[in-house]
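A quick write-up on the structure given underneath.
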Amino acid sequence: MTKNETGSEIGVGVVGCGRVAQQRHLPLLGELGGARLVAVSDTDAGTRDKLAGQYGLKGVYEDYRDLISDDAVGAVMIAAPTQFHAEVGVAALQAGKHLMIEKPVTLSLDELDQLEAAEAASGKVVVVAMNSRWHRLTREAREVVRRGTLGPIGLVRSAFTDDSRLDGQARPWMLQHEMAGCVLVETAVHHFDLWQFILETEVEDIYARMLDPMTANERAAVTATLANGVIVSAMFTEGLKGANELEIYGQDGRLRMSVYDFDGLDITPRSEYPGSMGTRIRRLKESLLSFPGAVKRLRSGGDWAGSYRNEWEHFIDCIVNKKRPESGLPEGRRALQVGLAAMASLAQGARVRVADAPRGILPFTG
């Protein structure tokens with residue numbers, strides 16, 4: 001079991017206990033070695049009462065400031081609407097707490113500057129929770145690229161779609177630009193980060209189009225150029241059948257990653273055609289061989305749940321062993337800047353260089 005500097009478990013307080021916190025973060029804090037849930041804060045009384053009973057908590061607060069003042073809290077996890085990330089994060093760091101912040105890190109670079117200044121003054125660990133980079137298949141895909149298996153890479157295609165709004169799970173704050181930044185900031189940052197993480201480069205420029213902004217059927221398409229010359233085509237929506245996929249095309253092969261599938265990583269060499277009988281037989285064999293491992297992982301929630309567990313274990317490890325996080329404020333900044341450039345592209349109807357992205361979200365009405 002990983003312990004903190006004093007040898008005891010790290011007490012964690014969670015600010016904002018909506019769907020993601022309840023489904024992903026809170027359950028993990030009862031299983032992780034080295035950390036335990038000691039407090040929650042939410043403005044909804046029903047949510048607070050429910051969680052107090054479910055987890056047997058004494059630290060249950062309406063005001064996040066009371067949670068931060070709780071001596072049992074050594075680390076704060078922020079899952080509140082993005083509009084409040086900087087305010088809560090700065091207060092937590094000034095109180096000497098370690099910090100994990102759900103993506104996107106903030107809605108503006110000015111807010112991010114405030115967080116970075118507070119981090120530097122506190123000396124505490126700050127992690128941006130971009131769980132997609134902690135997925136088992138993401139890590140494998142990065143190693144494939146690093147080994148040069150695909151040869152020189154020229155194209156990337158990605159899609160991240162979600163149907164939770166169609167199921168009545170839409171969070172009202174996510175339908176407001178000033179609180180969420182729409183699908184290109186709230187959702188697409190996952191893939192903006194993945195492109196840069198897996199290919200170990202940065203996004204240079206981006207062009208975006210959107211239909212039905214800030215509705216349950218919000219749809220966006222973007223093209224981007226990476227600093228290494230790779231062209232990216234991507235689609236994002238909150239209103240269609242869920243998928244989370246990435247394809248990388250090189251001279252020597254294609255990598256396809258679907259993180260919702262237990263056998264969702266496939267490398268097709270140039271000598272194979274994706275629909276050929278030989279390729280299908282190979283894929284069947286690989287799926288059968290990976291099935292026992294998938295069943296074992298399913299007992300702890302599967303690979304997607306595992307990505308959250310991995311990021312929490314990394315957070316704890318960074319606190320205990322005084323490591324620099326792999327997904328800290330600099331990585332959060334790079335993903336946010338791409339989102340801000342995409343929003344600027346919508347507003348201006350033109351391609352925008354990420355280096356020239358505005359410091360905040362430019363309004364877009366369609």
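Chain labels follow the order of the structure tokens: the first chain is A, the next B, and so on; residue numbering restarts at 1 in every chain, and ligands are counted from 1 in their shown order.
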
Who sits within 7 Å of Asn217 of chain A, only C-alpha atoms, same chain under 3 positions skipped, as a list of chain:residue names: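 My reading of the contact set: A:Asp212, A:Glu238, A:Gly239.
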
Residues of segment 119-230 of chain A at most 10 Å from segment 331-335 of chain A: nearest atom pair and distance in Å, only C-alpha atoms, as a tab-separated table:
residue	atom	partner	partner_atom	distance
A:Val127	CA	A:Gly332	CA	8.8
A:Val128	CA	A:Gly332	CA	6.1
A:Ala129	CA	A:Gly332	CA	8.8
A:Met130	CA	A:Gly332	CA	8.3
A:Val185	CA	A:Ala335	CA	8.8
A:Ala188	CA	A:Ala335	CA	8.9
A:Val189	CA	A:Ala335	CA	5.5
A:His190	CA	A:Ala335	CA	7.9
A:His191	CA	A:Ala335	CA	8.5
A:Phe192	CA	A:Ala335	CA	5.5
A:Asp193	CA	A:Ala335	CA	5.2
A:Leu194	CA	A:Ala335	CA	9.0
A:Trp195	CA	A:Ala335	CA	9.6
A:Gln196	CA	A:Ala335	CA	8.5
A:Phe197	CA	A:Glu331	CA	9.0
A:Glu202	CA	A:Arg334	CA	7.8
A:Val203	CA	A:Arg334	CA	8.5

Closest of A:Lys97, A:Arg309, A:His314, A:Arg19 to Ala80 of chain A - atom-to-atom distances counting only C-alpha atoms: A:Arg19

DSSP-assigned alpha helix (DSSP H) members of segment 27-244 of chain A, reported as a VMD selection string: chain A and resid 27 to 28 45 to 55 64 to 68 85 to 94 109 to 122 136 to 147 177 to 180 183 to 186 189 to 199

Contact residues around segment 103-106 of chain A with only C-alpha atoms at 10 Å, ignoring same-chain residues under 3 positions, as a PyMOL selection string: chain A and resi 78-79+81-87+89+100+109-113+115+127-131+179-181+185-190+328-329+331-333+335-336+339+360

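We find atom CA of Arg209 of chain A and atom CA of Ala159 of chain A to be spaced 14.4 Å apart.
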
Residue neighbourhood segment 244-256 of chain A, 6 Å, only C-alpha atoms, exclusion window fewer than 6 positions, as a list of chain:residue names: A:Leu150, A:Gly151, A:Pro152, A:Ile153, A:Gly154, A:Leu155, A:Val156, A:Arg157, A:Ser158, A:Ala159, A:Phe160, A:Leu265, A:Asp266, A:Ile267, A:Thr268, A:Pro269, A:Arg270

Among the residues A:Leu340, A:Ala220, A:Val295, A:Leu51, the one that comes closest to Leu26 of chain A [using only C-alpha atoms]: A:Leu51

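Pairwise distance (atom CA of Glu218 of chain A, atom CA of Ala342 of chain A) equals 14.8 Å.
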
Closest of A:Trp312, A:Phe262, A:Tyr273, A:Phe364 to Gly33 of chain A - atom-to-atom distances counting only C-alpha atoms: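 For Gly33 of chain A, the nearest of the candidates is A:Trp312.
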